[in-house]
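Data from run_15.csv: CSV, C-alpha atoms and all ligand atoms
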```csv
chain,number,residue,atom,x,y,z
A,1423,MET,CA,142.0,87.6,91.9
A,1424,LYS,CA,140.7,84.3,93.3
A,1425,LEU,CA,137.7,85.0,95.4
A,1426,LEU,CA,135.7,82.8,97.8
A,1427,VAL,CA,132.0,83.7,97.8
A,1428,THR,CA,130.0,82.0,100.5
A,1429,GLY,CA,126.2,81.7,100.0
A,1430,GLY,CA,126.7,82.2,96.2
A,1431,ALA,CA,123.6,80.1,95.4
A,1432,GLY,CA,121.3,82.4,97.3
A,1433,PHE,CA,119.7,85.6,96.2
A,1434,ILE,CA,122.3,88.4,96.6
A,1435,GLY,CA,125.3,85.9,96.4
A,1436,SER,CA,124.2,84.5,93.0
A,1437,ASN,CA,123.7,88.0,91.6
A,1438,PHE,CA,127.1,89.0,92.9
A,1439,VAL,CA,128.9,86.0,91.5
A,1440,ARG,CA,127.5,86.7,88.1
A,1441,TYR,CA,128.3,90.4,88.4
A,1442,ILE,CA,132.0,89.8,89.3
A,1443,LEU,CA,132.6,87.1,86.6
A,1444,LYS,CA,131.2,89.4,84.0
A,1445,LYS,CA,133.0,92.5,85.2
A,1446,TYR,CA,136.5,90.9,85.8
A,1447,PRO,CA,137.4,88.5,83.0
A,1448,SER,CA,140.5,87.3,84.8
A,1449,TYR,CA,138.8,86.5,88.2
A,1450,ARG,CA,138.0,83.1,89.4
A,1451,ILE,CA,135.3,82.3,92.0
A,1452,VAL,CA,135.0,79.5,94.5
A,1453,ASN,CA,131.4,79.4,95.5
A,1454,LEU,CA,130.8,77.6,98.8
A,1455,ASP,CA,127.1,77.1,99.6
A,1456,LYS,CA,125.3,74.5,101.8
A,1457,LEU,CA,122.2,74.6,99.6
A,1458,THR,CA,119.7,75.1,102.4
A,1459,TYR,CA,116.0,75.6,101.5
A,1460,ALA,CA,117.1,79.1,100.3
A,1461,GLY,CA,120.1,78.0,98.2
A,1462,ASN,CA,119.4,76.9,94.6
A,1463,ARG,CA,121.7,75.6,91.9
A,1464,GLY,CA,119.1,76.9,89.5
A,1465,ASN,CA,120.2,80.4,90.5
A,1466,ILE,CA,123.6,79.8,89.0
A,1467,SER,CA,122.9,77.2,86.3
A,1468,ASP,CA,124.2,79.6,83.6
A,1469,LEU,CA,127.6,79.3,85.3
A,1470,ASN,CA,127.7,75.5,85.2
A,1471,ALA,CA,130.1,75.4,82.2
A,1472,ASN,CA,132.1,78.4,83.2
A,1473,PRO,CA,135.7,77.3,84.0
A,1474,ARG,CA,136.2,80.4,86.3
A,1475,HIS,CA,133.4,79.3,88.6
A,1476,GLU,CA,133.8,76.4,91.0
A,1477,PHE,CA,130.9,75.3,93.1
A,1478,ILE,CA,131.4,73.5,96.4
A,1479,ARG,CA,128.4,72.2,98.4
A,1480,GLY,CA,129.4,72.7,102.0
A,1481,ASP,CA,128.8,74.3,105.4
A,1482,ILE,CA,130.6,77.5,106.5
A,1483,ALA,CA,130.5,76.1,110.0
A,1484,ASP,CA,132.6,73.0,108.9
A,1485,ARG,CA,136.3,73.9,109.4
A,1486,THR,CA,137.7,71.2,107.0
A,1487,THR,CA,135.5,72.2,104.1
A,1488,VAL,CA,136.2,75.9,104.8
A,1489,ASP,CA,139.9,75.4,105.0
A,1490,GLU,CA,139.9,73.5,101.7
A,1491,ALA,CA,138.0,76.4,100.0
A,1492,MET,CA,140.1,79.1,101.7
A,1493,ALA,CA,143.4,77.5,100.6
A,1494,LYS,CA,142.4,78.2,96.9
A,1495,VAL,CA,141.7,82.0,97.2
A,1496,ASP,CA,143.1,85.4,98.0
A,1497,ALA,CA,140.0,87.1,99.4
A,1498,ALA,CA,136.5,86.2,100.6
A,1499,VAL,CA,133.0,87.7,100.6
A,1500,ASN,CA,130.7,86.1,103.2
A,1501,PHE,CA,127.0,86.2,102.1
A,1502,ALA,CA,126.1,82.8,103.6
A,1503,ALA,CA,123.5,83.1,106.4
A,1504,GLU,CA,120.1,82.2,107.6
A,1505,THR,CA,118.2,85.3,106.5
A,1506,HIS,CA,114.5,85.3,107.2
A,1507,VAL,CA,113.2,87.1,110.3
A,1508,ASP,CA,110.0,85.0,110.5
A,1509,ARG,CA,112.0,81.8,110.5
A,1510,SER,CA,114.3,83.1,113.3
A,1511,ILE,CA,111.2,83.7,115.4
A,1512,ALA,CA,110.0,80.2,114.8
A,1513,SER,CA,113.4,78.7,115.6
A,1514,ALA,CA,116.7,80.4,116.1
A,1515,THR,CA,119.0,77.4,116.2
A,1516,ALA,CA,120.2,77.5,112.6
A,1517,PHE,CA,120.7,81.2,112.8
A,1518,ILE,CA,123.1,80.9,115.8
A,1519,LYS,CA,125.0,78.1,114.1
A,1520,THR,CA,125.4,79.5,110.7
A,1521,ASN,CA,125.4,83.3,111.3
A,1522,ILE,CA,127.6,83.2,114.4
A,1523,SER,CA,129.6,79.9,114.5
A,1524,GLY,CA,129.8,79.8,110.7
A,1525,THR,CA,131.2,83.4,110.5
A,1526,HIS,CA,133.7,82.5,113.2
A,1527,THR,CA,134.9,79.4,111.4
A,1528,LEU,CA,135.4,81.5,108.2
A,1529,LEU,CA,137.4,84.2,110.2
A,1530,GLU,CA,139.6,81.6,111.8
A,1531,SER,CA,140.4,80.1,108.4
A,1532,ALA,CA,140.9,83.5,106.8
A,1533,ARG,CA,143.4,84.2,109.6
A,1534,LYS,CA,145.2,80.9,109.0
A,1535,HIS,CA,145.4,81.4,105.2
A,1536,ARG,CA,146.3,85.1,105.5
A,1537,LEU,CA,143.6,86.4,103.2
A,1538,SER,CA,144.2,89.8,101.7
A,1539,ARG,CA,140.5,90.8,102.3
A,1540,PHE,CA,137.4,89.5,104.1
A,1541,VAL,CA,134.2,91.3,103.3
A,1542,HIS,CA,131.5,90.3,105.8
A,1543,ILE,CA,127.9,91.0,104.5
A,1544,SER,CA,125.8,92.3,107.4
A,1545,THR,CA,122.5,94.1,107.5
A,1546,ASP,CA,120.9,97.4,108.5
A,1547,GLU,CA,118.8,95.4,110.9
A,1548,VAL,CA,121.6,95.2,113.4
A,1549,TYR,CA,120.9,98.9,114.3
A,1550,GLY,CA,117.3,98.1,115.1
A,1551,SER,CA,114.4,100.4,114.3
A,1552,ILE,CA,114.5,104.2,114.0
A,1553,PRO,CA,111.4,106.3,114.1
A,1554,ARG,CA,112.9,109.1,112.0
A,1555,GLY,CA,116.4,110.1,110.7
A,1556,SER,CA,119.0,107.4,109.8
A,1557,PHE,CA,121.7,105.4,111.4
A,1558,THR,CA,125.4,106.0,110.6
A,1559,GLU,CA,128.2,103.5,110.9
A,1560,LYS,CA,128.9,104.9,114.4
A,1561,SER,CA,125.4,104.2,115.7
A,1562,GLY,CA,125.1,101.5,118.3
A,1563,LEU,CA,123.7,98.0,117.7
A,1564,ASN,CA,120.2,97.4,119.0
A,1565,PRO,CA,118.8,94.3,117.2
A,1566,SER,CA,115.3,93.0,117.9
A,1567,SER,CA,114.9,89.6,116.3
A,1568,PRO,CA,117.0,86.4,116.7
A,1569,TYR,CA,118.0,86.9,113.0
A,1570,SER,CA,119.3,90.5,113.5
A,1571,SER,CA,120.8,89.6,116.9
A,1572,SER,CA,122.8,86.7,115.3
A,1573,LYS,CA,124.0,89.1,112.6
A,1574,ALA,CA,125.0,91.6,115.2
A,1575,GLY,CA,126.9,88.9,117.0
A,1576,ALA,CA,128.7,88.0,113.8
A,1577,ASP,CA,129.6,91.7,113.2
A,1578,LEU,CA,131.2,92.0,116.6
A,1579,ILE,CA,133.2,88.8,116.2
A,1580,ALA,CA,134.3,89.9,112.7
A,1581,ARG,CA,135.4,93.3,114.0
A,1582,SER,CA,137.3,91.6,116.9
A,1583,TYR,CA,139.3,89.5,114.3
A,1584,PHE,CA,140.4,92.8,112.7
A,1585,ILE,CA,141.3,94.4,116.0
A,1586,THR,CA,142.9,91.4,117.7
A,1587,HIS,CA,144.3,89.3,114.8
A,1588,LYS,CA,144.6,91.9,112.0
A,1589,VAL,CA,142.4,89.9,109.7
A,1590,PRO,CA,141.5,92.5,107.0
A,1591,VAL,CA,137.8,92.5,107.7
A,1592,ILE,CA,135.3,95.0,106.2
A,1593,ILE,CA,131.6,94.9,107.0
A,1594,THR,CA,128.7,96.1,104.8
A,1595,ARG,CA,125.3,96.8,106.3
A,1596,SER,CA,122.7,97.1,103.6
A,1597,SER,CA,119.0,97.8,103.5
A,1598,ASN,CA,116.3,95.5,102.1
A,1599,ASN,CA,117.3,94.2,98.7
A,1600,PHE,CA,115.0,93.2,95.9
A,1601,GLY,CA,115.5,91.8,92.4
A,1602,PRO,CA,115.7,88.5,90.4
A,1603,PHE,CA,116.3,85.2,92.2
A,1604,GLN,CA,115.0,86.3,95.6
A,1605,TYR,CA,113.4,83.4,97.5
A,1606,PRO,CA,109.6,83.9,97.6
A,1607,GLU,CA,109.3,84.1,101.4
A,1608,LYS,CA,110.5,87.8,101.3
A,1609,VAL,CA,107.8,90.3,100.9
A,1610,ILE,CA,108.3,91.5,97.3
A,1611,PRO,CA,108.6,88.1,95.6
A,1612,LEU,CA,105.9,86.6,97.8
A,1613,PHE,CA,103.4,89.4,97.0
A,1614,VAL,CA,104.2,89.5,93.3
A,1615,ILE,CA,103.7,85.7,93.0
A,1616,ASN,CA,100.5,85.8,95.1
A,1617,ALA,CA,99.1,88.6,93.0
A,1618,LEU,CA,100.0,86.8,89.8
A,1619,GLU,CA,98.0,83.8,91.2
A,1620,ASP,CA,95.1,86.0,92.5
A,1621,LYS,CA,95.8,84.9,96.0
A,1622,PRO,CA,95.7,87.1,99.1
A,1623,LEU,CA,98.7,89.3,100.0
A,1624,PRO,CA,99.2,88.8,103.8
A,1625,LEU,CA,100.1,92.3,105.1
A,1626,TYR,CA,101.4,92.3,108.6
A,1627,GLY,CA,99.7,94.5,111.2
A,1628,ASN,CA,98.7,98.0,110.0
A,1629,GLY,CA,101.0,97.9,107.0
A,1630,LEU,CA,102.7,101.1,108.1
A,1631,ASN,CA,106.2,99.7,108.8
A,1632,VAL,CA,108.8,101.3,106.6
A,1633,ARG,CA,111.7,99.7,104.6
A,1634,ASP,CA,114.4,101.3,102.5
A,1635,TRP,CA,114.5,99.3,99.2
A,1636,LEU,CA,117.8,98.7,97.4
A,1637,TYR,CA,118.0,97.0,94.0
A,1638,VAL,CA,120.3,94.0,94.2
A,1639,LEU,CA,122.6,95.1,91.4
A,1640,ASP,CA,123.2,98.4,93.1
A,1641,ASN,CA,124.3,96.4,96.2
A,1642,CYS,CA,126.6,94.2,94.1
A,1643,GLU,CA,128.3,97.4,92.8
A,1644,ALA,CA,128.7,98.7,96.3
A,1645,ILE,CA,130.2,95.4,97.5
A,1646,ASP,CA,132.5,95.4,94.5
A,1647,LYS,CA,133.7,98.9,95.5
A,1648,VAL,CA,134.2,97.8,99.2
A,1649,LEU,CA,136.1,94.7,98.1
A,1650,HIS,CA,138.5,96.6,95.9
A,1651,LYS,CA,138.7,100.1,97.5
A,1652,GLY,CA,137.4,99.8,101.0
A,1653,LYS,CA,139.6,100.3,104.1
A,1654,ASP,CA,140.4,97.4,106.4
A,1655,GLY,CA,138.4,97.5,109.7
A,1656,GLU,CA,135.7,99.8,108.3
A,1657,ILE,CA,132.0,99.5,108.2
A,1658,TYR,CA,130.0,100.8,105.2
A,1659,ASN,CA,126.2,101.3,105.1
A,1660,ILE,CA,124.5,100.7,101.8
A,1661,GLY,CA,121.0,101.9,101.3
A,1662,GLY,CA,118.6,102.4,98.4
A,1663,SER,CA,117.2,105.8,99.5
A,1664,THR,CA,113.6,104.6,98.7
A,1665,HIS,CA,111.6,104.5,101.9
A,1666,LEU,CA,108.2,103.0,101.5
A,1667,SER,CA,105.6,101.8,104.0
A,1668,ASN,CA,104.5,98.2,103.3
A,1669,VAL,CA,101.1,99.3,102.3
A,1670,GLU,CA,102.5,101.7,99.8
A,1671,LEU,CA,104.8,99.0,98.4
A,1672,THR,CA,101.9,96.5,98.2
A,1673,LYS,CA,99.7,99.0,96.3
A,1674,LYS,CA,102.5,99.7,93.8
A,1675,ILE,CA,102.9,96.0,93.1
A,1676,LEU,CA,99.2,95.5,92.6
A,1677,GLU,CA,98.9,98.6,90.4
A,1678,MET,CA,101.8,97.5,88.2
A,1679,LEU,CA,100.2,94.1,87.8
A,1680,GLY,CA,96.7,95.6,87.2
A,1681,LYS,CA,95.3,93.7,90.2
A,1682,SER,CA,92.7,94.8,92.7
A,1683,SER,CA,93.7,96.1,96.2
A,1684,LYS,CA,91.0,93.7,97.4
A,1685,LEU,CA,93.8,91.1,97.3
A,1686,ILE,CA,95.4,92.7,100.4
A,1687,LYS,CA,94.6,90.7,103.5
A,1688,LYS,CA,95.6,92.2,106.8
A,1689,VAL,CA,97.0,89.5,109.1
A,1690,ASP,CA,98.5,89.4,112.6
A,1691,ASP,CA,101.6,91.4,113.0
A,1692,ARG,CA,105.1,89.8,113.2
A,1693,PRO,CA,106.2,89.7,116.9
A,1694,ALA,CA,108.7,92.5,117.7
A,1695,HIS,CA,108.2,93.9,114.1
A,1696,ASP,CA,110.8,96.7,113.6
A,1697,PHE,CA,108.9,99.8,112.6
A,1698,ARG,CA,111.4,101.5,110.3
A,1699,TYR,CA,114.9,100.9,109.0
A,1700,ALA,CA,117.1,103.7,107.5
A,1701,VAL,CA,120.8,104.0,106.9
A,1702,ASN,CA,122.9,107.1,106.2
A,1703,CYS,CA,125.1,106.3,103.2
A,1704,THR,CA,127.3,109.4,103.2
A,1705,LYS,CA,130.5,107.4,104.0
A,1706,ILE,CA,130.4,105.0,101.1
A,1707,ALA,CA,129.4,107.9,98.8
A,1708,ASN,CA,132.2,110.2,99.9
A,1709,ASP,CA,135.0,107.6,100.4
A,1710,LEU,CA,134.2,105.1,97.6
A,1711,GLY,CA,132.0,107.1,95.2
A,1712,TRP,CA,129.0,104.8,95.4
A,1713,ARG,CA,125.4,105.8,95.0
A,1714,PRO,CA,122.4,103.7,94.1
A,1715,ARG,CA,121.7,104.0,90.3
A,1716,ALA,CA,118.3,102.2,90.0
A,1717,ILE,CA,115.1,104.2,89.8
A,1718,PHE,CA,112.9,102.3,92.2
A,1719,ASP,CA,109.7,102.0,90.0
A,1720,GLU,CA,111.7,100.9,87.0
A,1721,ALA,CA,113.7,98.3,89.0
A,1722,LEU,CA,110.4,97.0,90.6
A,1723,ALA,CA,108.8,96.7,87.2
A,1724,ALA,CA,111.8,94.8,85.9
A,1725,THR,CA,111.7,92.5,88.9
A,1726,ILE,CA,108.0,91.9,88.5
A,1727,THR,CA,108.6,91.0,84.8
A,1728,TRP,CA,111.4,88.6,85.9
A,1729,TYR,CA,109.0,86.7,88.1
A,1730,GLU,CA,106.3,86.7,85.3
A,1731,ILE,CA,108.8,85.2,82.9
A,1732,ASN,CA,110.5,82.8,85.3
A,1733,LYS,CA,107.4,81.1,86.5
A,1734,PRO,CA,109.0,77.6,86.4
A,1735,TRP,CA,111.7,78.9,88.8
A,1736,TRP,CA,109.3,79.9,91.5
A,1737,LYS,CA,106.7,77.1,90.8
A,1738,LYS,CA,109.3,74.5,91.6
A,1739,ILE,CA,110.1,76.2,94.9
A,1740,ILE,CA,106.4,76.5,95.8
A,1741,ASN,CA,105.7,72.9,94.9
A,1742,ASN,CA,108.6,71.8,97.1
A,1743,ASN,CA,107.3,73.9,100.1
A,1744,TYR,CA,103.5,73.6,99.7
A,1745,ARG,CA,102.6,73.6,103.4
A,1746,GLU,CA,104.6,76.7,104.0
A,1747,TYR,CA,102.9,78.5,101.2
A,1748,TYR,CA,99.5,77.5,102.3
A,1749,ARG,CA,100.2,79.0,105.7
A,1750,LYS,CA,101.4,82.3,104.1
A,1751,GLN,CA,98.3,82.6,102.0
A,1752,TYR,CA,95.9,82.2,104.9
A,1753,GLY,CA,97.7,84.3,107.5
A,1754,ARG,CA,100.3,83.7,110.2
A,1755,ALA,CA,98.3,81.2,112.3
A,1801,LIG,P1,119.4,83.9,100.9
A,1801,LIG,O1,118.6,83.4,102.1
A,1801,LIG,O2,118.7,84.2,99.6
A,1801,LIG,O3,120.7,83.0,100.7
A,1801,LIG,C1,121.5,82.6,101.7
A,1801,LIG,C2,122.5,81.5,101.1
A,1801,LIG,O4,123.3,81.1,102.1
A,1801,LIG,C3,121.7,80.3,100.5
A,1801,LIG,O5,122.2,80.0,99.2
A,1801,LIG,C4,122.0,79.2,101.5
A,1801,LIG,O6,122.1,77.9,100.9
A,1801,LIG,C5,123.4,79.7,102.0
A,1801,LIG,N1,123.7,79.1,103.3
A,1801,LIG,C6,122.9,79.2,104.4
A,1801,LIG,N2,123.5,78.6,105.5
A,1801,LIG,C7,124.7,78.2,105.0
A,1801,LIG,C8,125.9,77.5,105.6
A,1801,LIG,N3,125.8,77.1,106.9
A,1801,LIG,N4,126.9,77.3,104.9
A,1801,LIG,C9,127.0,77.6,103.6
A,1801,LIG,N5,126.0,78.2,102.9
A,1801,LIG,C10,124.9,78.5,103.7
A,1801,LIG,O7,120.0,85.3,101.5
A,1801,LIG,P2,120.2,86.7,100.8
A,1801,LIG,O8,119.0,87.5,100.9
A,1801,LIG,O9,120.9,86.6,99.5
A,1801,LIG,O10,121.3,87.4,101.9
A,1801,LIG,C11,122.7,87.2,101.7
A,1801,LIG,C12,123.4,88.0,102.8
A,1801,LIG,O11,123.0,89.3,102.8
A,1801,LIG,C13,123.0,87.5,104.2
A,1801,LIG,O12,124.2,87.5,105.0
A,1801,LIG,C14,122.0,88.5,104.7
A,1801,LIG,O13,122.0,88.6,106.1
A,1801,LIG,C15,122.5,89.7,104.1
A,1801,LIG,N6,121.5,90.8,103.8
A,1801,LIG,C16,120.4,90.5,103.1
A,1801,LIG,C17,119.5,91.5,102.7
A,1801,LIG,C18,118.2,91.2,101.9
A,1801,LIG,O14,117.4,92.1,101.8
A,1801,LIG,N7,118.1,90.1,101.3
A,1801,LIG,C19,119.7,92.8,103.2
A,1801,LIG,C20,120.8,93.0,104.0
A,1801,LIG,C21,121.7,92.0,104.2
A,1802,LIG,O1,116.8,95.2,106.2
A,1802,LIG,C1,117.6,94.2,105.6
A,1802,LIG,C2,116.9,92.9,105.9
A,1802,LIG,O2,115.7,92.8,105.0
A,1802,LIG,C3,117.7,91.6,105.7
A,1802,LIG,O3,118.8,91.6,106.6
A,1802,LIG,C4,116.9,90.4,105.8
A,1802,LIG,O4,117.7,89.2,105.5
A,1802,LIG,C5,115.7,90.4,104.9
A,1802,LIG,O5,114.9,89.3,105.1
A,1802,LIG,C6,114.9,91.7,105.1
A,1802,LIG,O6,114.2,91.7,106.4
A,1802,LIG,P1,112.7,92.2,106.5
A,1802,LIG,O7,112.1,91.5,107.7
A,1802,LIG,O8,112.6,93.6,106.4
A,1802,LIG,O9,112.1,91.5,105.1
A,1802,LIG,P2,110.7,90.8,104.8
A,1802,LIG,O10,110.7,90.7,103.3
A,1802,LIG,O11,110.5,89.6,105.6
A,1802,LIG,O12,109.7,91.9,105.2
A,1802,LIG,C7,109.6,93.2,104.7
A,1802,LIG,C8,108.5,93.9,105.4
A,1802,LIG,O13,107.3,93.3,104.9
A,1802,LIG,C9,108.5,93.8,106.9
A,1802,LIG,O14,108.0,95.0,107.4
A,1802,LIG,C10,107.4,92.7,107.1
A,1802,LIG,C11,106.5,92.8,106.0
A,1802,LIG,N1,105.8,91.6,105.5
A,1802,LIG,C12,106.6,90.5,105.2
A,1802,LIG,C13,106.1,89.3,104.8
A,1802,LIG,C14,107.0,88.2,104.5
A,1802,LIG,C15,104.4,91.5,105.4
A,1802,LIG,O15,103.7,92.4,105.7
A,1802,LIG,N2,103.9,90.3,105.0
A,1802,LIG,C16,104.7,89.2,104.7
A,1802,LIG,O16,104.2,88.1,104.3
```
Take the structure in the file and give it back as structure tokens.
Amino acid sequence: MKLLVTGGAGFIGSNFVRYILKKYPSYRIVNLDKLTYAGNRGNISDLNANPRHEFIRGDIADRTTVDEAMAKVDAAVNFAAETHVDRSIASATAFIKTNISGTHTLLESARKHRLSRFVHISTDEVYGSIPRGSFTEKSGLNPSSPYSSSKAGADLIARSYFITHKVPVIITRSSNNFGPFQYPEKVIPLFVINALEDKPLPLYGNGLNVRDWLYVLDNCEAIDKVLHKGKDGEIYNIGGSTHLSNVELTKKILEMLGKSSKLIKKVDDRPAHDFRYAVNCTKIANDLGWRPRAIFDEALAATITWYEINKPWWKKIINNNYREYYRKQYGRA
């Protein structure tokens, strides 16, 4: 199979590209990534000499670039997106352009090139917050932030291309991922790095908001199953079944690193901060035989070790974005 992966220099995309190339020795991947602040050639530097991996720097909203990439492949997995909620609150422009217009451009091109499959990577955030219980794939969309709203918009457009144009679209909606190569603006890498440097961990609000943590390689396995065995037009939730409040998560990180809980610094809450995410994963379990394998504490420990070992990777990012990190360390103001 020849596969287009968009956003393959980002966190989940780079883990997925590596996972697929290792698992399927005959597969070739065209990796289209704009290399925004979140994209990093260093995430895929081990693939530089791999003849089955072609990297193209380009924008998913640029039709010419997308058509050139699509012409080379049989199927596509779209990870490319603006992904950080806080950034979407500061400015939504790039989110609308990439997440909505970019996805539309990819769908038009997939239609033209008659791709055999188009997996669109969405998020559990499109369902919004749920105080108890969990969302199924039939639940309505109720996003809160410009990020999750742009992802919900993309989902609807993707589904419409299946219904109207018969583009073989499948959507995945996963919970919060963690693991190696995650950009250190997201809570786990940010808190691990701050703790390693004995800097404050800026916990938003009362710290009681709940997230369902999914190890990135479990998500890669789920997306692989969806790509190969999923049904056109369907949506699959993917969750880690590890629900933790942010304060519980923070304490675990500090405990694993042998650091004091005095590093926790309560800061102003995120505007419209979703209280709890939870997805019901019965469908992917029953239809595709997927369940998360990772034991959360082991995967978190392995992730922490990865950040300890790969200090040059995150030091380079921090040095390039010093002002941003300064703001994070001293609160949201
Ligand atoms: P990330 O921010 O680490 O990486 C995004 C990648 O997309 C980067 O490499 C960036 O350069 C690239 N990109 C951005 N705009 C682009 C454009 N216009 N054209 C081409 N490339 C562009 O993101 P991630 O955390 O790996 O998330 C990947 C996907 O998974 C996203 O669609 C996100 O919404 C979804 N998702 C993420 C999580 C999570 O917890 N990280 C959970 C559920 C769903
Ligand atoms: O649920 C899936 C989503 O998970 C993905 O679609 C998004 O792309 C991804 O960014 C993530 O969104 P969250 O907003 O849940 O992730 P984030 O790491 O930003 O925050 C996780 C929780 O931690 C959230 O409740 C806010 C809190 N937090 C976050 C940061 C960055 C803090 O308390 N302090 C912080 O500094």
Can you build me a table of range 1436-1474 of chain A residues sitting at most 12 Å from range 1522-1536 of chain A, with the closest atom pair per residue and its distance in Å to one decimal, using all atoms listed in the file, sorted by chain and residue number, as a tab-separated table?
```
residue	atom	partner	partner_atom	distance
A:Leu1454	CA	A:Leu1528	CA	11.2
A:Asp1455	CA	A:Gly1524	CA	11.7
A:Lys1456	CA	A:Gly1524	CA	11.3
```
Residues within 7 Å of ligand LIG 1801 (chain A), counting all atoms listed in the file, as a PyMOL selection string
chain A and resi 1428-1435+1454-1462+1480-1483+1500-1506+1520+1524+1543-1546+1573+1595-1600+1604-1605
Report as a tab-separated table the residues of chain A within 8 Å of ligand LIG 1802 (chain A), each with its shortest atom pair and distance in Å (one decimal), using all atoms listed in the file, ordered by chain and increasing residue number.
```
residue	atom	partner	partner_atom	distance
A:Glu1504	CA	A:LIG1802	O4	7.7
A:Thr1505	CA	A:LIG1802	O4	4.1
A:His1506	CA	A:LIG1802	O5	4.5
A:Val1507	CA	A:LIG1802	O7	5.2
A:Asp1508	CA	A:LIG1802	O11	6.7
A:Ser1544	CA	A:LIG1802	O3	7.1
A:Thr1545	CA	A:LIG1802	O3	4.6
A:Asp1546	CA	A:LIG1802	O1	5.2
A:Glu1547	CA	A:LIG1802	O1	5.1
A:Tyr1569	CA	A:LIG1802	O4	7.9
A:Ser1570	CA	A:LIG1802	O3	7.0
A:Ser1596	CA	A:LIG1802	C1	6.2
A:Ser1597	CA	A:LIG1802	O1	4.3
A:Asn1598	CA	A:LIG1802	C1	4.0
A:Asn1599	CA	A:LIG1802	O2	6.6
A:Glu1607	CA	A:LIG1802	C14	5.6
A:Lys1608	CA	A:LIG1802	O10	3.5
A:Val1609	CA	A:LIG1802	O10	3.8
A:Ile1610	CA	A:LIG1802	O10	6.5
A:Leu1612	CA	A:LIG1802	O16	6.9
A:Phe1613	CA	A:LIG1802	O16	7.5
A:Leu1623	CA	A:LIG1802	O16	7.1
A:Pro1624	CA	A:LIG1802	O16	5.1
A:Leu1625	CA	A:LIG1802	O15	3.7
A:Tyr1626	CA	A:LIG1802	O15	3.7
A:Gly1627	CA	A:LIG1802	O15	7.1
A:Gly1629	CA	A:LIG1802	O15	6.3
A:Asn1631	CA	A:LIG1802	O14	5.2
A:Val1632	CA	A:LIG1802	O14	6.4
A:Arg1633	CA	A:LIG1802	O8	6.4
A:Asp1634	CA	A:LIG1802	O1	7.5
A:Ser1667	CA	A:LIG1802	O14	8.0
A:Asn1668	CA	A:LIG1802	O13	5.9
A:Asp1691	CA	A:LIG1802	O15	7.7
A:Arg1692	CA	A:LIG1802	C10	7.1
A:His1695	CA	A:LIG1802	O14	6.8
A:Asp1696	CA	A:LIG1802	O14	7.0
A:Phe1697	CA	A:LIG1802	O14	7.1
A:Arg1698	CA	A:LIG1802	O14	7.9
A:Tyr1699	CA	A:LIG1802	O1	6.6
A:Lys1750	CA	A:LIG1802	O16	6.4
```
What separates CA of Ile1518 in chain A and CA of Gly1562 in chain A is a distance of 20.8 Å
I'd like the contact shell of range 1553-1559 of chain A - 8 Å cut-off, only C-alpha atoms, skipping same-chain residues fewer than 4 positions apart - returned as JSON, numbers by chain. {"A": [1549, 1657, 1658, 1659, 1697, 1698, 1699, 1700, 1701, 1702, 1703]}
A straight line from CA of Gly1661 in chain A to CA of Leu1636 in chain A spans 6.0 Å
Counting all atoms listed in the file, the option among A:Arg1539, A:Lys1519, A:Lys1688, A:Arg1440 closest to Ile1466 in chain A:
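Among the listed residues, the smallest separation from Ile1466 in chain A belongs to A:Arg1440.
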Review point. Nearest to Trp1728 in chain A: which of A:Tyr1446, A:Phe1603, A:Phe1477, A:Trp1635 is it, counting all atoms listed in the file?
Key: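 Result for the nearest residue to Trp1728 in chain A: A:Phe1603.
For the residues A:Asp1484, A:Asp1577, A:Asp1719, A:Glu1476, ranking by smallest atom-to-atom distance to Ile1451 in chain A using all atoms listed in the file places A:Glu1476 first.
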Minimum-distance residue to Leu1639 in chain A, chosen among A:Thr1586, A:Thr1704, A:Asn1743, A:Thr1725 (using only C-alpha atoms):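 Ranked by minimum distance to Leu1639 in chain A, first place goes to A:Thr1725.
Picture a line from CA of Ala1721 in chain A to CA of Gly1662 in chain A; it runs 11.4 Å.
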Option closest in space to Val1648 in chain A, from A:Asn1472, A:Thr1594, A:Ser1566, A:Asn1708 [counting all atoms listed in the file]: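 Looking at the shortest contact to Val1648 in chain A, the residue is A:Thr1594.
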Nearest to Thr1487 in chain A, restricted to only C-alpha atoms and choosing among A:Ser1663, A:Ser1448, A:Ser1561, A:Asn1453, comes out as A:Asn1453
Extract, using all atoms listed in the file, all DNA, RNA and protein residues at most 8 Å from Pro1568 in chain A, discarding same-chain residues fewer than 4 positions from it, and format them as a list of chain:residue names.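 Listed by chain and then number, they are A:Val1507, A:Ser1510, A:Ile1511, A:Ala1514, A:Phe1517, A:Ser1572.
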